[in-house]
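structure-v1.cif follows; it contains mmCIF, C-alpha atoms.
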data_upload
loop_
_atom_site.label_atom_id
_atom_site.label_comp_id
_atom_site.auth_asym_id
_atom_site.auth_seq_id
_atom_site.Cartn_x
_atom_site.Cartn_y
_atom_site.Cartn_z
CA MET A 1 24.83 -6.81 -34.50
CA LEU A 2 26.49 -3.47 -33.85
CA SER A 3 29.27 -3.08 -31.33
CA GLY A 4 28.99 -0.40 -28.63
CA ALA A 5 31.46 1.86 -30.45
CA ARG A 6 29.59 1.58 -33.77
CA LEU A 7 26.28 2.21 -32.01
CA ASP A 8 27.76 5.31 -30.31
CA CYS A 9 28.73 6.62 -33.72
CA ARG A 10 25.31 6.04 -35.27
CA LEU A 11 23.23 7.34 -32.36
CA ASP A 12 25.55 10.08 -31.15
CA CYS A 13 25.13 8.72 -27.61
CA THR A 14 26.13 5.69 -25.59
CA PRO A 15 24.03 2.51 -25.80
CA ALA A 16 23.05 2.93 -22.13
CA HIS A 17 21.83 6.48 -22.75
CA HIS A 18 19.87 5.39 -25.80
CA TYR A 19 18.25 2.57 -23.80
CA ARG A 20 17.28 5.00 -21.00
CA GLU A 21 15.71 7.31 -23.57
CA MET A 22 13.70 4.50 -25.21
CA ARG A 23 12.25 2.86 -22.10
CA PRO A 24 9.76 5.61 -21.09
CA ASN A 25 8.39 5.68 -24.65
CA ASP A 26 8.13 1.89 -24.72
CA ALA A 27 6.24 1.74 -21.42
CA LEU A 28 3.82 4.48 -22.49
CA ALA A 29 3.21 2.72 -25.80
CA LEU A 30 2.31 -0.45 -23.92
CA THR A 31 -0.28 1.42 -21.88
CA ARG A 32 -1.74 3.29 -24.85
CA CYS A 33 -1.72 0.58 -27.49
CA ASN A 34 -2.17 -2.56 -25.44
CA GLY A 35 -4.24 -1.19 -22.57
CA MET A 36 -1.63 -2.44 -20.10
CA ARG A 37 -1.69 -1.06 -16.55
CA VAL A 38 1.07 1.49 -15.90
CA HIS A 39 2.74 -0.73 -13.30
CA ASP A 40 2.81 -3.72 -15.65
CA ALA A 41 4.01 -1.63 -18.58
CA ALA A 42 6.82 -0.15 -16.46
CA LEU A 43 8.04 -3.62 -15.50
CA ALA A 44 7.71 -4.90 -19.08
CA ALA A 45 9.80 -1.97 -20.34
CA GLY A 46 12.59 -2.82 -17.90
CA PHE A 47 11.93 -0.45 -15.00
CA SER A 48 12.46 -1.94 -11.54
CA SER A 49 9.24 -0.37 -10.21
CA GLN A 50 6.47 2.05 -11.03
CA PRO A 51 8.04 4.87 -8.95
CA VAL A 52 11.29 4.52 -10.93
CA PHE A 53 9.27 4.73 -14.16
CA SER A 54 7.40 7.76 -12.86
CA ARG A 55 10.65 9.57 -12.05
CA SER A 56 12.00 8.72 -15.49
CA CYS A 57 8.87 10.13 -17.17
CA LYS A 58 9.08 13.32 -15.14
CA GLN A 59 12.73 13.77 -16.12
CA HIS A 60 12.20 12.84 -19.77
CA PHE A 61 8.83 14.47 -20.50
CA GLY A 62 8.23 16.85 -17.58
CA LEU A 63 5.01 15.01 -16.64
CA SER A 64 4.01 11.94 -14.65
CA PRO A 65 2.80 8.86 -16.55
CA ARG A 66 -0.78 9.71 -15.57
CA GLY A 67 -0.36 13.27 -16.86
CA LEU A 68 1.07 11.98 -20.13
CA LEU A 69 -1.74 9.47 -20.61
CA GLN A 70 -4.39 12.10 -19.90
CA ARG A 71 -2.74 14.54 -22.30
CA GLY A 72 -2.90 12.13 -25.23
CA PRO A 73 -0.35 11.23 -27.91
CA LEU A 74 3.11 12.72 -27.70
CA ALA A 75 3.88 15.33 -30.29
#
Write-out of the structure in structure tokens:
Amino acid sequence: MLSGARLDCRLDCTPAHHYREMRPNDALALTRCNGMRVHDAALAAGFSSQPVFSRSCKQHFGLSPRGLLQRGPLA
């Protein structure tokens, strides 16, 4: 297992930042690949609620989860 300092070096960001960047992608993958409802996928990916997930998507991708799912796969 990598320590926080070694992970910082490999990812060029803190572990917390990396985790925040991964979670929106993880939740969207759960909805696309597993057919999971957005609310359930948000909770499974570690978000405290669907509105928190929605805000994260808007910050990360510039679109709501619904907009992202309607648009199709991420480029």
* Structure fact -> Shortest contact to Leu69 of chain A, candidates A:Met36, A:Leu28, A:Ala16, A:Met22, atoms counted all atoms listed in the file, goes to A:Leu28
* Give me, please, the distance in Å between atom CA of Val38 of chain A and atom CA of His17 of chain A, quoted to one decimal. => 22.4 Å
Would you give the centre and edge lengths, in Å to one decimal, of a box along x, y and z around the listed atoms of segment 56-63 of chain A, with 3 Å added to each side, as JSON?
{"center_x": 8.9, "center_y": 12.8, "center_z": -17.8, "size_x": 13.7, "size_y": 14.1, "size_z": 11.4}
Any chance you could work out the residue set of the PyMOL selection byres ((chain A and resi 41) around 9) here, as a CSV table (one decimal) with C-alpha atoms, keeping the file's coordinate frame?
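Generated output (result02.csv):
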chain,number,residue,atom,x,y,z
A,26,ASP,CA,8.1,1.9,-24.7
A,27,ALA,CA,6.2,1.7,-21.4
A,28,LEU,CA,3.8,4.5,-22.5
A,29,ALA,CA,3.2,2.7,-25.8
A,30,LEU,CA,2.3,-0.4,-23.9
A,31,THR,CA,-0.3,1.4,-21.9
A,36,MET,CA,-1.6,-2.4,-20.1
A,37,ARG,CA,-1.7,-1.1,-16.6
A,38,VAL,CA,1.1,1.5,-15.9
A,39,HIS,CA,2.7,-0.7,-13.3
A,40,ASP,CA,2.8,-3.7,-15.6
A,42,ALA,CA,6.8,-0.2,-16.5
A,43,LEU,CA,8.0,-3.6,-15.5
A,44,ALA,CA,7.7,-4.9,-19.1
A,45,ALA,CA,9.8,-2.0,-20.3
A,46,GLY,CA,12.6,-2.8,-17.9
A,47,PHE,CA,11.9,-0.4,-15.0
A,50,GLN,CA,6.5,2.0,-11.0
* Can you list what the PyMOL selection byres ((chain A and resi 60) around 12) grabs from this structure, as a VMD selection string? -> chain A and resid 17 20 to 25 53 to 59 61 to 65 68
Let me see the file: selected residues, C-alpha atoms, as a CSV table (one decimal), in the coordinates of the input.
chain,number,residue,atom,x,y,z
A,17,HIS,CA,21.8,6.5,-22.8
A,20,ARG,CA,17.3,5.0,-21.0
A,21,GLU,CA,15.7,7.3,-23.6
A,22,MET,CA,13.7,4.5,-25.2
A,23,ARG,CA,12.2,2.9,-22.1
A,24,PRO,CA,9.8,5.6,-21.1
A,25,ASN,CA,8.4,5.7,-24.6
A,53,PHE,CA,9.3,4.7,-14.2
A,54,SER,CA,7.4,7.8,-12.9
A,55,ARG,CA,10.6,9.6,-12.0
A,56,SER,CA,12.0,8.7,-15.5
A,57,CYS,CA,8.9,10.1,-17.2
A,58,LYS,CA,9.1,13.3,-15.1
A,59,GLN,CA,12.7,13.8,-16.1
A,61,PHE,CA,8.8,14.5,-20.5
A,62,GLY,CA,8.2,16.8,-17.6
A,63,LEU,CA,5.0,15.0,-16.6
A,64,SER,CA,4.0,11.9,-14.6
A,65,PRO,CA,2.8,8.9,-16.6
A,68,LEU,CA,1.1,12.0,-20.1
